[in-house]
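For reference, the structure is listed below as structure tokens.
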Amino acid sequence: MMKKVFKAVLPIILIIGILLSCVSVNAVTFKSFPKNPEYSYGVDVSEWNGDIDWNYLRNIGVEFAYIRVGYYKHGGGYVDERFKQNVRGCVEAGIDFGIYVYSYIYSYTDSVKMANWVHRQLKSLGNYTKDRDTIQVAYDIEDAIQSNAVNSGRITRNYLHNGVKKFCNKIRDYGYIPTIYSSQSFYRDLLNLEDYLDNDFYIWYAQWPYYPDPTEKKVMFNDKSPHIWQFSENYTIKGVRYDSNALYEDFYDYSNEDSQLYAANLKSSGYTFKKSGVKPSFQIYDGDTLLKEGTDYKIYYYKNKKVGIARAKVVRFKNKKYIESKTIKYAIKPQPVTNLKATPSYDEIELKWDKVAGATSYQIYEHNDSFIGYNLIDEVKTNSYTDFFLDEGTEYKLKVRPVMTVDGKRYYGNSVALTASTTYCPVQLGNVSSREEGAATVNWKSKTENTRGYVIEFADNAQFKNKTRYVVRGINKSLSDISGCFKSGQKVYFRIRSYNVVNGKYVYSDYSSVRSVKIK
């Protein structure tokens with residue numbers, strides 16, 4: 001992180017920095033952060049980043065920032081010169097923030113004193129923190145003072161580890177989220193990573209240059225993922241280098257229970273996913289007073305480009321002075337299925353539809369006349385389903401809706417319905433003969449009892465091009481001496497299917513097998 005700078009060597013470091021800025025092989029100039037809607041991306045900053053254009057950072061994709069409160073030595077704490085300025089700019093730009101303190105200490109007593117000192121600095125921020133339910137407070141432990149103390153035998157590794165725990169437990173007592181920042185080697189060689197995880201401390205893990213890819217979730221040396229991954233120290237924004245981070249969990253839940261702000265005409269769910277993001281319109285009231293957007297408050301949207309819980313942050317001003325922030329949540333559901341089609345047969349209906357991006361499963365519903373509604377009959381992971389054991393010649397109403405599971409919670413898209421009718425059992429075409437000149441006789445068998453009639457088709461080719469249809473009404477099983485349609489010596493092909501009328505629509509069975517006969 002390069003958080004420590006001694007004033008005695010500052011001129012030398014500045015000269016070296018100027019030289020290195022011309023040859024840095026890892027520096028990357030970028031206009032937007034990596035994009036993976038599952039994660040958030042942000043920076044960590046200190047006075048060494050200079051004056052920061054927080055609105056510009058937000059516009060290029062920065063969603064959160066860790067701001068240095070200062071550094072702490074055995075003699076006490078030293079506040080970062082731009083700590084309050086950075087918090088103000090960050091909050092007013094609608095960017096979530098946490099803070100970190102760079103540590104030069106390791107004793108148990110100093111660890112508790114450092115936690116108390118950090119708490120005092122946060123309290124001094126007034127409105128900028130009073131409405132925060134939780135703020136991440138990170139212990140930045142990476143200095144040679146600590147590693148040398150362990151390696152020289154002045155303290156044990158366990159002693160160093162427990163000093164960090166004392167800080168974190170004290171921070172938790174104050175109501176903040178205890179977080180630990182360090183490098184891979186520090187975690188592996190000097191601390192007890194598993195114990196921190198067992199105590200529900202958040203792990204901020206530094207390993208760069210970024211690899212494999214900041215859009216992929218980082219895996220640590222213990223085969224687990226951290227809560228935050230610092231994947232680069234060399235991202236360059238408008239000529240200034242920033243440490244850059246990926247956040248895998250949404251810590252920011254500022255319900256601000258004392259606030260009188262509330263959103264009107266905002267549905268808690270029911271918004272359908274859009275690639276461009278879901279930004280519902282609503283009105284903001286302060287008690288009974290309707291506020292004016294742009295004058296009294298600003299709205300910033302987060303996590304609104306994926307299915308799941310989205311957030312809109314309201315930043316409240318009065319006479320251009322910051323008053324408070326409040327987070328409003330709403331749910332985004334998957335898109336409905338498209339291109340839903342049914343292929344019926346006499347005892348089943350096969351459904352197919354286009355896949356919905358990200359859907360983990362699909363629910364199938366069937367209308368039940370007995371209960372006047374739809375019943376869930378199955379849930380599948382593929383984009384097809386066959387409804388079996390149906391009645392012949394019957395109309396069925398079916399629905400399909402996608403399901404997406406995000407962080408263990410299920411979100412449902414709108415249902416898409418269709419109506420399809422099963423056909424009838426294929427007719428078994430029996431003997432086809434020609435006993436008289438220019439005539440033919442057809443016999444058949446049918447298992448279907450409620451048939452209205454049959455359609456016999458015949459043609460001079462097996463593909464039934466230019467076919468002729470002959471309708472037989474009723475339950476006859478034969479048709480004798482069809483004449484006037486054939487020529488003597490002609491080979492004629494026959495097939496048959498049954499039909500019924502369901503809700504005013506004709507419903508047909510599949511065709512029978514084909515038989516041919518040479519006409520006398």
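In the structure tokens, chains take the letters A, B, ... in the order shown, each chain's residues start at 1, and ligands count up from 1 in the order shown.
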Run DSSP on the backbone and give me the residues of range 311-401 of chain A it puts in strand (DSSP E or B), as a ChimeraX atom specification.
-> /A:311-318,321-333,338-344,349-354,361-368,373-380,384-387,395-401
Residues at most 8 Å from range 310-326 of chain A, counting only C-alpha atoms, excluding those fewer than 6 positions away in the same chain, as a PyMOL selection string?
-> chain A and resi 92+94+127-128+131+254-256+259+261+295-304+332
Any idea what's packed within 10 Å of Asn169 in chain A, counting only C-alpha atoms, ignoring anything in its chain fewer than 3 positions away? Could you give it as a ChimeraX atom specification?
-> /A:112,115,164-166,172-178,199,201
Compile a residue-level contact table for range 338-397 of chain A against range 444-463 of chain A at a cut-off of 12 Å, reporting for every qualifying residue the shortest atom pair and its distance in Å to one decimal, with only C-alpha atoms counted, rows ordered by chain and ascending number, as CSV.
residue,atom,partner,partner_atom,distance
A:Tyr346,CA,A:Thr448,CA,10.1
A:Asp347,CA,A:Thr448,CA,11.8
A:Asp391,CA,A:Thr448,CA,10.8
A:Glu392,CA,A:Thr448,CA,8.1
A:Gly393,CA,A:Asn450,CA,8.8
A:Thr394,CA,A:Asn450,CA,11.2
Extract the full set of alpha helix (DSSP H) residues from range 40-259 of chain A according to DSSP on the backbone, and format it as a ChimeraX atom specification.
-> /A:54-59,83-92,108-123,127-130,144-151,157-173,184-189,193-198
Among listed residues A:Asp96, A:Glu249, A:Asp243, A:Glu350, nearest Ile228 in chain A (using only C-alpha atoms) |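 When distances to Ile228 in chain A are compared using only C-alpha atoms, the smallest one comes from A:Glu249.
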So which residues touch Asn49 in chain A within 10 Å, counting only C-alpha atoms, skipping near sequence neighbours fewer than 3 positions away, as number ranges by chain?
-> A: 44-46, 52, 82, 240-243
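Our summary of the geometry notes that CA of Gly438 in chain A is positioned 29.3 Å from CA of Tyr508 in chain A.
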Judged by only C-alpha atoms, the minimum distance to Asp80 in chain A among A:Gln184, A:Gln121, A:Asn245, A:Asn59 is found for A:Gln121
If we count only C-alpha atoms, what is near range 400-416 of chain A at a cut-off of 6 Å, once residues fewer than 3 positions away on the same chain are taken out, given as a list in words?
->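 In the requested format, the answer is Lys333, Pro334, Gln335, Pro336, Ala359, Thr360, Ser361, Tyr362, Gln363 and Ile364 of chain A.
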Of the residues A:Phe273, A:Tyr248, A:Tyr424, A:Tyr78, which is the one nearest to Gly358 in chain A, using only C-alpha atoms?
->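 Closest to Gly358 in chain A of all the choices is A:Phe273.
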What separation in Å, quoted to one decimal, exists between CA of Ala420 in chain A and CA of Asn500 in chain A?
->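 Those two atoms sit 14.4 Å apart.
When only C-alpha atoms are used to measure the gap to Ala246 in chain A, the shortest distance among A:Gly153, A:Gly77, A:Gly61, A:Gly474 belongs to A:Gly61.
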Quick one, how far is CA of Trp229 in chain A from CA of Leu247 in chain A?
-> 6.6 Å
